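Colleague: One structure, pasted below without further comment.
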Amino acid sequence: MAEQAKKHKIHVKKGDTVVVISGKDKGRKGKVRSVEPKTGRVFVEKVNLVSRHTRPTKAAPQGGIVKQEAAIDCSNVMIYCSRCGRPVRIGKDLQISGERLRKCVICGDLFDK
């Protein structure tokens with residue numbers, strides 16, 4: 001019996017502006033570059049930079065040490081509300097058309113426009 005990969009419930013989407021709430025980059029703000037629902041992790045621009053040692057190739061003949069973003073667990077980020085000016089929790093808002101949109105719990109501003 002093969003074990004099925006469990007999909008994690010992730011509250012952020014690609015392109016959202018988020019704030020890191022724990023870890024070495026606590027307080028840093030950035031855009032979500034990609035989301036991995038299978039592992040429950042997100043990649044945020046200019047956050048959680050790690051050094052990767054690369055060997056010389058034709059594309060990069062120099063090789064050497066390259067800084068790149070590593071994944072962060074989705075529980076360590078919160079969506080940044082531009083209207084409130086701080087990280088906030090999100091709620092769901094049911095529209096007349098039947099679609100559910102994400103909204104700020106504090107000010108009610110919609111994230112999916």
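Naming works like this for the structure tokens: A, B, ... for the chains as they're shown, residue 1 at the start of each chain, ligands 1 onward in shown order.
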For the structure I just gave you, how does DSSP split segment 37-87 of chain A - specifically, which residues are strand (DSSP E or B)? Reply as a list in words.
Modeller: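 Across segment 37-87 of chain A, those assigned strand (DSSP E or B) are Arg41, Val42, Phe43, Val44, Leu49, Val50, Ser51, Arg52, His53, Thr54, Gly64, Ile65, Val66, Lys67, Gln68, Glu69, Ile72, Asp73, Val77, Met78, Ile79, Tyr80, Cys81, Arg86 and Pro87 of chain A.
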Colleague: Within 7 Å of segment 27-48 of chain A, which residues of segment 63-82 of chain A show up? Give each one with its shortest atom-to-atom distance in Å (one decimal) and the two atoms involved, counting only C-alpha atoms, rows by chain then rising residue number, as a tab-separated table.
Modeller:
residue	atom	partner	partner_atom	distance
A:Glu69	CA	A:Asn48	CA	5.6
A:Ala70	CA	A:Asn48	CA	5.6
A:Ala71	CA	A:Phe43	CA	4.7
A:Ile72	CA	A:Val42	CA	5.3
A:Asp73	CA	A:Arg41	CA	4.3
A:Cys74	CA	A:Arg41	CA	5.1
Colleague: Let me see the file: selected residues, N, CA, C and O atoms, as a short mmCIF file (atom, residue, chain, number, x, y, z; two decimals), in the first residue's frame.
Modeller:
data_model
loop_
_atom_site.label_atom_id
_atom_site.label_comp_id
_atom_site.auth_asym_id
_atom_site.auth_seq_id
_atom_site.Cartn_x
_atom_site.Cartn_y
_atom_site.Cartn_z
N GLU A 69 17.08 31.71 -2.24
CA GLU A 69 16.03 31.56 -1.25
C GLU A 69 15.74 30.10 -0.98
O GLU A 69 15.75 29.28 -1.89
N ALA A 70 15.48 29.79 0.28
CA ALA A 70 15.06 28.45 0.66
C ALA A 70 13.61 28.53 1.13
O ALA A 70 13.09 29.61 1.42
N ALA A 71 12.94 27.39 1.20
CA ALA A 71 11.53 27.35 1.57
C ALA A 71 11.34 27.63 3.06
O ALA A 71 12.19 27.32 3.89
N ILE A 72 10.19 28.23 3.38
CA ILE A 72 9.77 28.50 4.76
C ILE A 72 8.44 27.80 4.96
O ILE A 72 7.62 27.75 4.04
N ASP A 73 8.20 27.28 6.15
CA ASP A 73 6.91 26.66 6.44
C ASP A 73 5.83 27.74 6.39
O ASP A 73 6.04 28.87 6.83
N CYS A 74 4.66 27.39 5.85
CA CYS A 74 3.60 28.38 5.67
C CYS A 74 3.06 28.91 7.00
O CYS A 74 2.48 29.99 7.05
#
Colleague: Considering only C-alpha atoms, state which residue in the set A:Val105, A:Leu110, A:Arg86, A:Gly91 is at the smallest distance from Val18 of chain A.
Modeller: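 Between A:Val105, A:Leu110, A:Arg86, A:Gly91, the residue approaching Val18 of chain A most closely is A:Arg86.
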Colleague: In Å, how far is it from atom CA of Gly23 of chain A to atom CA of Leu49 of chain A?
Modeller: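 If I compute the distance from atom CA of Gly23 of chain A to atom CA of Leu49 of chain A, I get 12.4 Å.
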Colleague: Report as a list of chain:residue names all protein, DNA and RNA residues lying within 12 Å of Ile65 of chain A, evaluated on only C-alpha atoms, omitting residues in the same chain fewer than 6 positions from it.
Modeller: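 Within the cut-off, the hits are A:Val50, A:Ser51, A:Arg52, A:His53, A:Thr54, A:Arg55, A:Pro56.
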Colleague: Identify which of the residues A:Gln95, A:Thr57, A:Ser75, A:Gln62 lies closest to Val20 of chain A, counting only C-alpha atoms when measuring atom-to-atom distances.
Modeller: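 Nearest candidate to Val20 of chain A out of A:Gln95, A:Thr57, A:Ser75, A:Gln62: A:Ser75.
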Colleague: Restricting the calculation to only C-alpha atoms, which member of A:Ser82, A:Phe111, A:Asn76, A:Asp93 is positioned closest to Lys24 of chain A?
Modeller: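 Counting only C-alpha atoms, the residue closest to Lys24 of chain A is A:Asn76.
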Colleague: Excluding Val88 of chain A and any residue of its chain fewer than 5 positions from it, enumerate the residues within 9 Å of it, using only C-alpha atoms, and give them as an mmCIF file with C-alpha atoms, in the first residue's frame.
Modeller:
data_model
loop_
_atom_site.group_PDB
_atom_site.id
_atom_site.type_symbol
_atom_site.label_atom_id
_atom_site.label_comp_id
_atom_site.auth_asym_id
_atom_site.auth_seq_id
_atom_site.Cartn_x
_atom_site.Cartn_y
_atom_site.Cartn_z
ATOM 1 C CA MET A 78 1.220 36.011 7.701
ATOM 2 C CA ILE A 79 -0.360 38.056 4.937
ATOM 3 C CA TYR A 80 0.480 41.768 5.040
ATOM 4 C CA CYS A 81 -2.551 44.061 4.738
ATOM 5 C CA CYS A 104 -8.615 40.942 6.195
ATOM 6 C CA VAL A 105 -10.189 40.046 9.542
ATOM 7 C CA ILE A 106 -9.480 43.527 10.975
#
Colleague: Provide the atom CA of Ile10 of chain A to atom CA of Cys84 of chain A distance in Å, to one decimal place.
Modeller: 21.9 Å
Colleague: Nearest to Lys103 of chain A: which of A:Ser22, A:Val77, A:Ala60, A:Arg89 is it, counting only C-alpha atoms?
Modeller: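 Of A:Ser22, A:Val77, A:Ala60, A:Arg89, the one nearest Lys103 of chain A is A:Arg89, counting only C-alpha atoms.
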Colleague: Work out how far atom CA of His8 of chain A is from atom CA of Leu101 of chain A, in Å to one decimal.
Modeller: 19.1 Å
